[in-house]
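**Student:** Next up, upload12.cif (mmCIF, C-alpha atoms).
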```cif
data_final
loop_
_atom_site.label_atom_id
_atom_site.label_comp_id
_atom_site.auth_asym_id
_atom_site.auth_seq_id
_atom_site.Cartn_x
_atom_site.Cartn_y
_atom_site.Cartn_z
CA MET A 36 0.00 0.00 0.00
CA PRO A 37 1.32 3.46 -0.85
CA LEU A 38 1.74 5.91 2.02
CA ILE A 39 0.10 8.69 -0.01
CA ALA A 40 -2.30 8.17 -2.91
CA LEU A 41 -4.00 10.73 -5.14
CA GLU A 42 -6.74 9.52 -7.48
CA ASP A 43 -8.03 11.81 -10.26
CA VAL A 44 -7.72 14.93 -8.09
CA HIS A 45 -9.23 18.16 -9.43
CA LYS A 46 -8.95 21.64 -7.93
CA ARG A 47 -10.20 24.94 -9.27
CA PHE A 48 -10.10 28.50 -8.07
CA GLY A 49 -13.05 30.26 -9.63
CA GLN A 50 -12.93 29.53 -13.36
CA ASN A 51 -9.27 28.47 -13.22
CA GLU A 52 -8.87 24.70 -12.98
CA VAL A 53 -5.41 24.28 -11.44
CA LEU A 54 -5.41 20.48 -11.05
CA LYS A 55 -7.00 18.55 -13.91
CA GLY A 56 -7.08 14.95 -12.74
CA VAL A 57 -3.86 14.18 -10.88
CA THR A 58 -3.13 10.57 -9.95
CA LEU A 59 0.00 9.78 -7.93
CA ARG A 60 1.26 7.04 -5.60
CA VAL A 61 4.00 7.67 -3.03
CA ASP A 62 5.59 4.78 -1.17
CA ALA A 63 6.97 5.06 2.36
CA GLY A 64 10.59 6.20 2.25
CA GLU A 65 10.34 7.49 -1.31
CA VAL A 66 11.90 10.86 -2.20
CA ILE A 67 10.10 12.64 -5.04
CA ALA A 68 10.96 15.91 -6.75
CA ILE A 69 8.05 17.78 -8.33
CA ILE A 70 9.14 20.09 -11.12
CA GLY A 71 7.40 22.29 -13.64
CA LYS A 72 6.72 25.88 -14.61
CA SER A 73 5.03 28.34 -12.29
CA GLY A 74 1.27 27.80 -12.36
CA SER A 75 1.48 24.12 -13.31
CA GLY A 76 -0.24 23.03 -10.07
CA LYS A 77 2.76 21.83 -8.04
CA SER A 78 2.13 23.78 -4.83
CA THR A 79 -1.63 23.28 -5.04
CA MET A 80 -1.10 19.53 -5.15
CA LEU A 81 0.99 19.65 -1.95
CA ARG A 82 -1.58 21.86 -0.23
CA CYS A 83 -4.33 19.39 -1.13
CA ILE A 84 -2.31 16.49 0.32
CA ASN A 85 -1.88 18.42 3.58
CA GLY A 86 -5.51 19.48 3.74
CA LEU A 87 -4.76 23.18 3.29
CA GLU A 88 -6.89 23.10 0.14
CA THR A 89 -9.96 20.96 -0.44
CA PRO A 90 -10.08 19.14 -3.81
CA ASP A 91 -13.16 19.66 -5.97
CA GLY A 92 -13.02 16.09 -7.22
CA GLY A 93 -11.14 12.84 -6.78
CA ALA A 94 -9.72 11.34 -3.60
CA ILE A 95 -6.55 11.61 -1.51
CA MET A 96 -5.50 8.90 0.93
CA VAL A 97 -2.73 9.27 3.53
CA ALA A 98 -1.84 6.09 5.41
CA ASP A 99 -5.25 4.53 4.63
CA ALA A 100 -7.17 7.61 5.84
CA GLN A 101 -9.06 9.72 3.31
CA VAL A 102 -8.38 13.44 3.32
CA ALA A 103 -11.68 15.21 3.99
CA ASP A 104 -12.83 18.68 5.01
CA ASP A 105 -13.94 17.34 8.39
CA GLU A 106 -12.01 19.34 11.01
CA LEU A 107 -11.11 16.36 13.21
CA ARG A 108 -9.82 14.41 10.23
CA LEU A 109 -7.81 17.40 9.03
CA ARG A 110 -6.19 17.77 12.42
CA ALA A 111 -5.30 14.07 12.44
CA LEU A 112 -3.92 14.37 8.91
CA ARG A 113 -1.61 17.24 9.79
CA LEU A 114 -0.11 15.12 12.56
CA LYS A 115 0.92 12.64 9.85
CA VAL A 116 2.09 15.00 7.11
CA GLY A 117 4.44 17.89 7.87
CA MET A 118 4.87 20.85 5.55
CA VAL A 119 7.70 23.34 5.07
CA PHE A 120 6.96 26.48 3.08
CA GLN A 121 8.96 28.89 0.94
CA GLN A 122 8.63 31.52 3.67
CA PHE A 123 9.89 30.36 7.05
CA ASN A 124 6.92 31.74 9.06
CA LEU A 125 8.73 31.59 12.40
CA PHE A 126 7.13 33.47 15.28
CA PRO A 127 9.42 36.49 15.83
CA HIS A 128 8.42 36.86 19.49
CA LEU A 129 9.43 33.27 20.35
CA SER A 130 12.94 31.86 20.68
CA VAL A 131 14.11 29.21 18.22
CA GLY A 132 13.48 26.48 20.78
CA ARG A 133 9.99 27.72 21.59
CA ASN A 134 9.14 27.90 17.87
CA VAL A 135 9.94 24.19 17.57
CA MET A 136 8.21 23.25 20.85
CA LEU A 137 4.94 25.07 20.17
CA SER A 138 3.10 22.73 17.78
CA PRO A 139 3.62 19.50 19.76
CA MET A 140 2.51 21.27 22.95
CA VAL A 141 -0.59 22.86 21.39
CA THR A 142 -1.81 20.21 18.95
CA ARG A 143 -0.65 17.00 20.64
CA LYS A 144 -0.74 18.23 24.25
CA VAL A 145 2.85 17.04 24.74
CA PRO A 146 4.25 18.01 28.18
CA ARG A 147 6.70 20.91 28.12
CA GLU A 148 9.70 18.79 29.18
CA GLN A 149 9.04 16.25 26.45
CA ALA A 150 8.49 19.00 23.84
CA GLU A 151 11.78 20.63 24.82
CA SER A 152 13.63 17.32 24.59
CA THR A 153 12.17 16.71 21.12
CA ALA A 154 12.95 20.28 20.03
CA ARG A 155 16.57 19.94 21.10
CA ARG A 156 16.85 16.62 19.27
CA MET A 157 15.37 18.03 16.04
CA LEU A 158 17.46 21.21 16.17
CA ASP A 159 20.52 19.02 16.61
CA ARG A 160 19.40 17.06 13.57
CA VAL A 161 19.46 20.23 11.44
CA GLY A 162 22.71 21.44 13.01
CA LEU A 163 21.23 24.27 15.09
CA LEU A 164 21.07 23.01 18.67
CA HIS A 165 23.40 25.86 19.68
CA LYS A 166 20.71 28.34 18.52
CA PHE A 167 18.03 27.00 20.89
CA ASP A 168 17.79 30.26 22.86
CA ALA A 169 18.40 32.61 19.90
CA TRP A 170 15.70 34.78 18.31
CA PRO A 171 14.65 34.26 14.67
CA ASP A 172 15.92 37.71 13.60
CA GLN A 173 19.39 36.69 14.78
CA LEU A 174 19.52 33.89 12.20
CA SER A 175 20.35 33.86 8.50
CA GLY A 176 17.63 32.88 6.04
CA GLY A 177 19.17 29.45 5.67
CA GLN A 178 19.21 28.95 9.43
CA GLN A 179 15.58 30.09 9.71
CA GLN A 180 14.55 27.56 7.06
CA ARG A 181 16.42 24.82 8.91
CA VAL A 182 14.49 25.77 12.07
CA ALA A 183 11.27 25.52 10.05
CA ILE A 184 12.30 21.99 9.02
CA ALA A 185 13.06 21.13 12.66
CA ARG A 186 9.64 22.49 13.63
CA ALA A 187 7.93 20.21 11.08
CA LEU A 188 10.01 17.21 12.22
CA ALA A 189 9.09 17.84 15.88
CA MET A 190 5.59 16.64 15.00
CA GLU A 191 7.19 13.32 13.99
CA PRO A 192 5.36 13.14 10.65
CA MET A 193 5.18 10.11 8.37
CA ALA A 194 5.98 12.32 5.38
CA LEU A 195 7.34 15.80 4.79
CA LEU A 196 6.09 18.13 2.04
CA CYS A 197 8.56 20.84 0.99
CA ASP A 198 7.25 23.69 -1.14
CA GLU A 199 10.15 25.47 -2.86
CA ILE A 200 11.99 25.71 0.44
CA THR A 201 15.13 27.20 -1.11
CA SER A 202 13.63 29.73 -3.53
CA ALA A 203 13.54 32.60 -0.99
CA LEU A 204 17.21 32.08 -0.08
CA ASP A 205 20.38 33.65 -1.39
CA PRO A 206 22.36 31.15 -3.50
CA GLU A 207 25.07 30.66 -0.86
CA LEU A 208 22.44 29.58 1.70
CA VAL A 209 20.71 27.02 -0.52
CA ALA A 210 23.37 24.34 0.00
CA GLU A 211 23.00 24.27 3.79
CA VAL A 212 19.25 23.66 3.57
CA LEU A 213 19.59 21.01 0.87
CA ALA A 214 22.25 19.27 2.98
CA VAL A 215 19.65 18.82 5.72
CA VAL A 216 17.14 17.41 3.22
CA ARG A 217 19.80 15.02 1.89
CA GLU A 218 20.27 13.67 5.40
CA LEU A 219 16.53 13.26 5.89
CA ALA A 220 16.35 11.32 2.61
CA ALA A 221 19.27 9.14 3.71
CA ASP A 222 17.46 8.45 6.99
CA GLY A 223 14.43 7.12 5.09
CA MET A 224 12.02 10.06 5.46
CA THR A 225 9.24 10.16 2.86
CA LEU A 226 9.70 13.46 1.02
CA LEU A 227 7.73 15.31 -1.65
CA MET A 228 9.65 18.37 -2.81
CA VAL A 229 8.51 21.08 -5.18
CA THR A 230 11.90 22.34 -6.31
CA HIS A 231 13.86 24.16 -9.01
CA GLU A 232 17.12 22.53 -7.87
CA MET A 233 17.61 20.13 -10.78
CA ARG A 234 20.99 18.86 -9.61
CA PHE A 235 19.49 17.97 -6.23
CA ALA A 236 16.57 16.23 -7.94
CA ARG A 237 18.97 14.22 -10.08
CA GLU A 238 21.30 13.21 -7.25
CA VAL A 239 18.97 12.62 -4.30
CA CYS A 240 15.46 11.81 -5.51
CA ASP A 241 14.10 8.37 -6.35
CA ARG A 242 11.59 9.81 -8.79
CA VAL A 243 10.90 13.06 -10.61
CA VAL A 244 7.37 14.21 -11.43
CA PHE A 245 7.01 16.86 -14.14
CA MET A 246 3.75 18.80 -13.97
CA HIS A 247 2.40 20.80 -16.89
CA GLN A 248 -0.89 22.70 -17.06
CA GLY A 249 -2.43 20.94 -14.07
CA ARG A 250 -1.48 17.39 -14.99
CA ILE A 251 1.40 14.99 -14.37
CA HIS A 252 3.02 15.12 -17.78
CA GLU A 253 5.97 12.79 -17.17
CA SER A 254 7.15 10.75 -14.21
CA GLY A 255 10.10 8.45 -13.71
CA ALA A 256 13.63 7.94 -12.48
CA PRO A 257 15.78 11.10 -12.60
CA GLU A 258 18.20 9.70 -15.16
CA ALA A 259 15.38 8.83 -17.54
CA LEU A 260 13.62 12.20 -17.26
CA PHE A 261 16.71 14.37 -17.46
CA ASN A 262 18.62 12.38 -20.08
CA ALA A 263 15.74 11.25 -22.30
CA PRO A 264 12.63 13.43 -21.84
CA ARG A 265 9.76 12.06 -23.89
CA THR A 266 7.80 15.26 -24.50
CA THR A 267 8.52 18.62 -26.07
CA GLU A 268 7.22 20.38 -22.94
CA LEU A 269 9.77 18.73 -20.65
CA ARG A 270 12.60 19.31 -23.13
CA GLN A 271 11.68 23.01 -23.26
CA PHE A 272 11.45 23.19 -19.45
CA LEU A 273 14.92 21.66 -19.12
CA GLY A 274 16.31 23.92 -21.84
CA LEU A 275 17.34 21.03 -24.10
#
```
Take the structure from the file and write it as structure tokens.
**Tutor:**
Amino acid sequence: MPLIALEDVHKRFGQNEVLKGVTLRVDAGEVIAIIGKSGSGKSTMLRCINGLETPDGGAIMVADAQVADDELRLRALRLKVGMVFQQFNLFPHLSVGRNVMLSPMVTRKVPREQAESTARRMLDRVGLLHKFDAWPDQLSGGQQQRVAIARALAMEPMALLCDEITSALDPELVAEVLAVVRELAADGMTLLMVTHEMRFAREVCDRVVFMHQGRIHESGAPEALFNAPRTTELRQFLGL
């Protein structure tokens, strides 16, 4: 059984149909890069998986549970699927440690001592344990994004969705964030990444999904997609 399954998913905003029948299976431990032009539906697909958007048609299953607009089910879903956004969205009035501790304490009612222990462990995992008591505005953009990853990991999700997590960063900071994601992939974390980092997709991901005009246009192993794209649209996207 796949960990995540999308079946003929449609999503529209007004008259604009952004997803036009997306079907995708994601196995536990699989690392998938989602590529495509702006407006092709990549981010909307992730937001539907996480319950941030409600599909207009089709079905999404996460670990045998169907994604629905029922509030209790959505809350349960977000305990299973973490999401990291392009913008870090850290609370400026909370220390780094408190930013990571907050969600487990509020949503899972984890005791403070346990939340702090988990936060320290996750910050150590992203190389920022020494910043536990620092404030977000004392960190670089790359460090803030690594804290955002630690915050998502503190919920101990079954899968992590990453939506262009390096696109707001200066080029010299991209590598430090991708290094963390490489380690997560090596540790067996299930990852879906909307990304423009083609080298990363080629080297780290098990599969690349190319979206075009609201559909999955091509999907396969990185070597196959990058070295022998089957469609004109993918060749144009890759600049070949």
**Student:** Against segment 135-138 of chain A, which residues of segment 150-251 of chain A fall within 8 Å? For each one I want the closest pair of atoms and the distance in Å (one decimal), counting only C-alpha atoms, rows by chain and increasing residue number, as a Markdown table.
**Tutor:**
```
| residue | atom | partner | partner_atom | distance |
| --- | --- | --- | --- | --- |
| A:Ala150 | CA | A:Met136 | CA | 5.2 |
| A:Glu151 | CA | A:Met136 | CA | 5.9 |
| A:Thr153 | CA | A:Met136 | CA | 7.7 |
| A:Ala154 | CA | A:Val135 | CA | 5.5 |
| A:Val182 | CA | A:Val135 | CA | 7.3 |
| A:Ala183 | CA | A:Val135 | CA | 7.8 |
| A:Ala185 | CA | A:Val135 | CA | 6.6 |
| A:Arg186 | CA | A:Val135 | CA | 4.3 |
| A:Ala187 | CA | A:Val135 | CA | 7.9 |
| A:Ala189 | CA | A:Val135 | CA | 6.6 |
| A:Met190 | CA | A:Ser138 | CA | 7.1 |
```
**Student:** Can you tell me how far atom CA of Leu260 of chain A sits from atom CA of Thr225 of chain A, in Å to one decimal?
**Tutor:**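 That distance, rounded to one decimal, is 20.7 Å.
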**Student:** I would like the residues chosen by the PyMOL selection byres ((chain A and resi 229) around 12) on the shown file; could you give them as an mmCIF file with C-alpha atoms, keeping the file's coordinate frame?
**Tutor:**
```cif
data_model
loop_
_atom_site.group_PDB
_atom_site.id
_atom_site.type_symbol
_atom_site.label_atom_id
_atom_site.label_comp_id
_atom_site.auth_asym_id
_atom_site.auth_seq_id
_atom_site.Cartn_x
_atom_site.Cartn_y
_atom_site.Cartn_z
ATOM 1 C CA VAL A 66 11.900 10.860 -2.200
ATOM 2 C CA ILE A 67 10.100 12.640 -5.040
ATOM 3 C CA ALA A 68 10.960 15.910 -6.750
ATOM 4 C CA ILE A 69 8.050 17.780 -8.330
ATOM 5 C CA ILE A 70 9.140 20.090 -11.120
ATOM 6 C CA GLY A 71 7.400 22.290 -13.640
ATOM 7 C CA LYS A 72 6.720 25.880 -14.610
ATOM 8 C CA SER A 73 5.030 28.340 -12.290
ATOM 9 C CA SER A 75 1.480 24.120 -13.310
ATOM 10 C CA GLY A 76 -0.240 23.030 -10.070
ATOM 11 C CA LYS A 77 2.760 21.830 -8.040
ATOM 12 C CA SER A 78 2.130 23.780 -4.830
ATOM 13 C CA THR A 79 -1.630 23.280 -5.040
ATOM 14 C CA MET A 80 -1.100 19.530 -5.150
ATOM 15 C CA LEU A 81 0.990 19.650 -1.950
ATOM 16 C CA ARG A 82 -1.580 21.860 -0.230
ATOM 17 C CA MET A 118 4.870 20.850 5.550
ATOM 18 C CA VAL A 119 7.700 23.340 5.070
ATOM 19 C CA PHE A 120 6.960 26.480 3.080
ATOM 20 C CA GLN A 121 8.960 28.890 0.940
ATOM 21 C CA LEU A 195 7.340 15.800 4.790
ATOM 22 C CA LEU A 196 6.090 18.130 2.040
ATOM 23 C CA CYS A 197 8.560 20.840 0.990
ATOM 24 C CA ASP A 198 7.250 23.690 -1.140
ATOM 25 C CA GLU A 199 10.150 25.470 -2.860
ATOM 26 C CA ILE A 200 11.990 25.710 0.440
ATOM 27 C CA THR A 201 15.130 27.200 -1.110
ATOM 28 C CA SER A 202 13.630 29.730 -3.530
ATOM 29 C CA LEU A 226 9.700 13.460 1.020
ATOM 30 C CA LEU A 227 7.730 15.310 -1.650
ATOM 31 C CA MET A 228 9.650 18.370 -2.810
ATOM 32 C CA THR A 230 11.900 22.340 -6.310
ATOM 33 C CA HIS A 231 13.860 24.160 -9.010
ATOM 34 C CA GLU A 232 17.120 22.530 -7.870
ATOM 35 C CA MET A 233 17.610 20.130 -10.780
ATOM 36 C CA PHE A 235 19.490 17.970 -6.230
ATOM 37 C CA ALA A 236 16.570 16.230 -7.940
ATOM 38 C CA CYS A 240 15.460 11.810 -5.510
ATOM 39 C CA VAL A 243 10.900 13.060 -10.610
ATOM 40 C CA VAL A 244 7.370 14.210 -11.430
ATOM 41 C CA PHE A 245 7.010 16.860 -14.140
ATOM 42 C CA MET A 246 3.750 18.800 -13.970
#
```
**Student:** With all atoms listed in the file as the atoms that count, which of A:Asp172, A:Glu65, A:Glu191, A:Glu42 lies nearest to Val116 of chain A?
**Tutor:**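 Smallest distance to Val116 of chain A is found for A:Glu191.
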**Student:** A:Glu268, A:Asp43, A:Glu207, A:Asp241: which is nearest Thr58 of chain A, counting only C-alpha atoms?
**Tutor:** A:Asp43
**Student:** Nearest residue to Asn124 of chain A out of A:Arg181, A:Gly92, A:Gln149, A:Phe167, using all atoms listed in the file?
**Tutor:**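 Looking only at the distances to Asn124 of chain A, the closest residue turns out to be A:Arg181.
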**Student:** Can you take the partial segment 174-201 of chain A, add N, CA and C atoms, and return it as a JSON list (two decimals), in the frame of the given file?
**Tutor:**
```json
[["chain", "number", "residue", "atom", "x", "y", "z"],
["A", 174, "LEU", "N", 19.10, 34.99, 13.07],
["A", 174, "LEU", "CA", 19.52, 33.89, 12.20],
["A", 174, "LEU", "C", 19.54, 34.33, 10.74],
["A", 175, "SER", "N", 20.37, 33.67, 9.95],
["A", 175, "SER", "CA", 20.35, 33.86, 8.50],
["A", 175, "SER", "C", 19.09, 33.20, 7.94],
["A", 176, "GLY", "N", 18.79, 33.50, 6.68],
["A", 176, "GLY", "CA", 17.63, 32.88, 6.04],
["A", 176, "GLY", "C", 17.75, 31.37, 5.99],
["A", 177, "GLY", "N", 18.95, 30.89, 5.71],
["A", 177, "GLY", "CA", 19.17, 29.45, 5.67],
["A", 177, "GLY", "C", 18.94, 28.80, 7.03],
["A", 178, "GLN", "N", 19.42, 29.47, 8.08],
["A", 178, "GLN", "CA", 19.21, 28.95, 9.43],
["A", 178, "GLN", "C", 17.72, 28.96, 9.79],
["A", 179, "GLN", "N", 17.02, 30.03, 9.42],
["A", 179, "GLN", "CA", 15.58, 30.09, 9.71],
["A", 179, "GLN", "C", 14.83, 28.95, 9.00],
["A", 180, "GLN", "N", 15.23, 28.65, 7.77],
["A", 180, "GLN", "CA", 14.55, 27.56, 7.06],
["A", 180, "GLN", "C", 14.86, 26.22, 7.71],
["A", 181, "ARG", "N", 16.08, 26.06, 8.21],
["A", 181, "ARG", "CA", 16.42, 24.82, 8.91],
["A", 181, "ARG", "C", 15.62, 24.69, 10.22],
["A", 182, "VAL", "N", 15.36, 25.81, 10.89],
["A", 182, "VAL", "CA", 14.49, 25.77, 12.07],
["A", 182, "VAL", "C", 13.07, 25.37, 11.67],
["A", 183, "ALA", "N", 12.61, 25.89, 10.53],
["A", 183, "ALA", "CA", 11.27, 25.52, 10.05],
["A", 183, "ALA", "C", 11.18, 24.02, 9.76],
["A", 184, "ILE", "N", 12.27, 23.44, 9.24],
["A", 184, "ILE", "CA", 12.30, 21.99, 9.02],
["A", 184, "ILE", "C", 12.26, 21.26, 10.36],
["A", 185, "ALA", "N", 13.05, 21.74, 11.33],
["A", 185, "ALA", "CA", 13.06, 21.13, 12.66],
["A", 185, "ALA", "C", 11.67, 21.19, 13.28],
["A", 186, "ARG", "N", 10.99, 22.32, 13.09],
["A", 186, "ARG", "CA", 9.64, 22.49, 13.63],
["A", 186, "ARG", "C", 8.68, 21.45, 13.02],
["A", 187, "ALA", "N", 8.78, 21.22, 11.72],
["A", 187, "ALA", "CA", 7.93, 20.21, 11.08],
["A", 187, "ALA", "C", 8.29, 18.81, 11.59],
["A", 188, "LEU", "N", 9.57, 18.54, 11.77],
["A", 188, "LEU", "CA", 10.01, 17.21, 12.22],
["A", 188, "LEU", "C", 9.60, 16.95, 13.67],
["A", 189, "ALA", "N", 9.46, 18.01, 14.47],
["A", 189, "ALA", "CA", 9.09, 17.84, 15.88],
["A", 189, "ALA", "C", 7.71, 17.21, 16.02],
["A", 190, "MET", "N", 6.90, 17.29, 14.98],
["A", 190, "MET", "CA", 5.59, 16.64, 15.00],
["A", 190, "MET", "C", 5.69, 15.16, 14.63],
["A", 191, "GLU", "N", 6.91, 14.71, 14.34],
["A", 191, "GLU", "CA", 7.19, 13.32, 13.99],
["A", 191, "GLU", "C", 6.26, 12.81, 12.88],
["A", 192, "PRO", "N", 6.27, 13.51, 11.74],
["A", 192, "PRO", "CA", 5.36, 13.14, 10.65],
["A", 192, "PRO", "C", 5.82, 11.89, 9.91],
["A", 193, "MET", "N", 4.87, 11.26, 9.22],
["A", 193, "MET", "CA", 5.18, 10.11, 8.37],
["A", 193, "MET", "C", 5.79, 10.56, 7.04],
["A", 194, "ALA", "N", 5.47, 11.77, 6.64],
["A", 194, "ALA", "CA", 5.98, 12.32, 5.38],
["A", 194, "ALA", "C", 6.16, 13.82, 5.55],
["A", 195, "LEU", "N", 7.07, 14.37, 4.75],
["A", 195, "LEU", "CA", 7.34, 15.80, 4.79],
["A", 195, "LEU", "C", 7.16, 16.38, 3.39],
["A", 196, "LEU", "N", 6.34, 17.43, 3.30],
["A", 196, "LEU", "CA", 6.09, 18.13, 2.04],
["A", 196, "LEU", "C", 6.89, 19.42, 2.07],
["A", 197, "CYS", "N", 7.70, 19.65, 1.05],
["A", 197, "CYS", "CA", 8.56, 20.84, 0.99],
["A", 197, "CYS", "C", 8.22, 21.65, -0.25],
["A", 198, "ASP", "N", 7.74, 22.87, -0.03],
["A", 198, "ASP", "CA", 7.25, 23.69, -1.14],
["A", 198, "ASP", "C", 8.25, 24.80, -1.47],
["A", 199, "GLU", "N", 9.15, 24.50, -2.41],
["A", 199, "GLU", "CA", 10.15, 25.47, -2.86],
["A", 199, "GLU", "C", 10.89, 26.09, -1.68],
["A", 200, "ILE", "N", 11.43, 25.23, -0.82],
["A", 200, "ILE", "CA", 11.99, 25.71, 0.44],
["A", 200, "ILE", "C", 13.30, 26.47, 0.29],
["A", 201, "THR", "N", 13.89, 26.45, -0.92],
["A", 201, "THR", "CA", 15.13, 27.20, -1.11],
["A", 201, "THR", "C", 14.95, 28.44, -1.98]]
```
